[in-house]
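Containing compact mmCIF, C-alpha atoms: data.txt.
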```
# COMPACT_ATOMS: atom_id res chain seq x y z
CA MET A 1 0.00 0.00 0.00
CA ALA A 2 1.53 3.33 -1.06
CA GLY A 3 2.05 5.84 1.72
CA GLY A 4 1.80 3.24 4.49
CA GLY A 5 -0.74 3.36 7.26
CA ALA A 6 -3.88 1.37 7.78
CA PRO A 7 -6.26 0.84 4.89
CA ARG A 8 -9.36 3.00 5.04
CA SER A 9 -12.85 1.75 4.50
CA LEU A 10 -14.54 2.84 1.28
CA ASN A 11 -18.24 3.58 1.09
CA ARG A 12 -18.54 3.81 4.90
CA PRO A 13 -21.95 5.22 5.99
CA ARG A 14 -21.86 8.62 7.71
CA GLN A 15 -24.54 9.82 10.07
CA VAL A 16 -26.58 12.66 8.55
CA ARG A 17 -29.42 14.92 9.65
CA VAL A 18 -32.66 14.11 7.81
CA ARG A 19 -36.09 15.70 8.18
CA ALA A 20 -38.65 13.08 7.20
CA GLY A 21 -42.33 13.22 6.37
CA ASP A 22 -44.74 12.51 9.19
CA GLY A 23 -47.76 11.62 7.09
CA GLU A 24 -49.01 15.21 6.95
CA ARG A 25 -45.90 16.60 5.21
CA GLY A 26 -44.91 13.97 2.65
CA ARG A 27 -45.26 10.23 3.00
CA GLU A 28 -44.40 9.01 6.46
CA GLY A 29 -40.67 8.38 6.74
CA GLU A 30 -39.85 9.88 3.33
CA PRO A 31 -36.86 12.28 3.44
CA LEU A 32 -37.88 15.92 2.93
CA GLU A 33 -34.45 17.41 3.72
CA VAL A 34 -30.98 15.87 3.85
CA ALA A 35 -28.24 17.83 5.65
CA GLY A 36 -30.34 20.99 5.30
CA ALA A 37 -30.91 20.61 1.54
CA ALA A 38 -34.48 20.19 0.32
CA VAL A 39 -35.33 16.92 -1.44
CA GLU A 40 -36.77 17.64 -4.88
CA ALA A 41 -37.51 14.06 -5.95
CA VAL A 42 -37.37 10.48 -4.74
CA ARG A 43 -35.86 8.26 -7.40
CA GLU A 44 -36.12 4.94 -5.60
CA THR A 45 -36.65 3.34 -2.19
CA TRP A 46 -35.95 -0.17 -0.95
CA LEU A 47 -35.85 -2.18 2.25
CA ILE A 48 -32.96 -4.40 3.37
CA GLU A 49 -33.51 -7.00 6.10
CA ASP A 50 -30.59 -9.31 6.77
CA ARG A 51 -28.79 -11.20 9.52
CA TRP A 52 -32.11 -11.64 11.37
CA TRP A 53 -30.78 -14.92 12.73
CA THR A 54 -27.83 -13.23 14.51
CA ASP A 55 -27.50 -10.98 17.56
CA ARG A 56 -26.79 -8.06 15.16
CA PRO A 57 -29.67 -7.99 12.65
CA LEU A 58 -29.74 -5.42 9.86
CA ARG A 59 -32.94 -3.56 8.96
CA ARG A 60 -32.66 -0.44 6.80
CA ARG A 61 -34.92 1.61 4.52
CA TYR A 62 -32.85 3.16 1.72
CA TRP A 63 -33.83 6.23 -0.31
CA GLU A 64 -32.19 7.54 -3.47
CA VAL A 65 -33.17 11.20 -3.71
CA VAL A 66 -32.32 14.29 -5.74
CA ASP A 67 -31.62 17.39 -3.66
CA ALA A 68 -32.31 21.03 -4.58
CA SER A 69 -28.88 21.35 -6.25
CA GLY A 70 -29.62 18.38 -8.53
CA ARG A 71 -27.25 16.03 -6.70
CA ASN A 72 -28.17 12.35 -6.27
CA VAL A 73 -27.94 11.30 -2.63
CA VAL A 74 -28.45 7.86 -1.07
CA VAL A 75 -29.57 7.86 2.55
CA PHE A 76 -30.83 5.11 4.78
CA HIS A 77 -32.84 5.01 7.96
CA ASP A 78 -31.58 2.36 10.37
CA LEU A 79 -34.91 0.94 11.52
CA ILE A 80 -33.32 -0.61 14.61
CA THR A 81 -31.50 2.47 16.00
CA GLY A 82 -33.67 5.14 14.37
CA ARG A 83 -30.61 7.00 13.03
CA TRP A 84 -30.10 8.27 9.48
CA PHE A 85 -26.96 7.82 7.37
CA SER A 86 -25.74 8.83 3.92
CA GLN A 87 -23.65 6.53 1.79
CA VAL A 88 -21.81 7.42 -1.40
CA ALA A 89 -22.17 4.80 -4.09
```
Would you mind writing the file's structure down as structure tokens?
Amino acid sequence: MAGGGAPRSLNRPRQVRVRAGDGERGREGEPLEVAGAAVEAVRETWLIEDRWWTDRPLRRRYWEVVDASGRNVVVFHDLITGRWFSQVA
């Protein structure tokens, strides 16, 4: 590895502030703002449920959205912890 040091993880999720719909403003759970930027469109959403048989199950709702600047952003809501994360593809 050039430069030495420990390898760094690619595509690591980072916690992000998301304002989500509550049923009155947008569909419940749908991101309305990501890191202060308004969501203009939802391109896709999907649910991942895995490792349910372990002591560390995974349950996430992913959203691919377009923000007000036209940037594609992928965020997910960890349905176990309730926290939101962004992840660069």
Exercise for the section: Choose the residue, out of A:Gln15, A:Ile80, A:Val75, A:Gln87, that has the smallest atom-to-atom separation from Arg56 (chain A); count all atoms listed in the file. Expected result: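 Distance minimum relative to Arg56 (chain A) lands on A:Ile80.
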Exercise for the section: State, in Å with one decimal place, the distance from CA of Leu58 (chain A) to CA of Arg83 (chain A). Expected result: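 Going from CA of Leu58 (chain A) over to CA of Arg83 (chain A), I get 12.8 Å.
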Exercise for the section: Fewer than 3 positions away in the same chain doesn't count, so skip those; otherwise give me all residues within 10 Å of region 36-51 of chain A, counting all atoms listed in the file, as an MDAnalysis selection string. Expected result: chainID A and resid 16:19 30:33 54:79
Practice task
Select, from A:Pro13, A:Glu28, A:Asp22, A:Ala35, the residue with the minimum atom-to-atom distance to Ser86 (chain A), counting only C-alpha atoms.
Solution key: A:Pro13
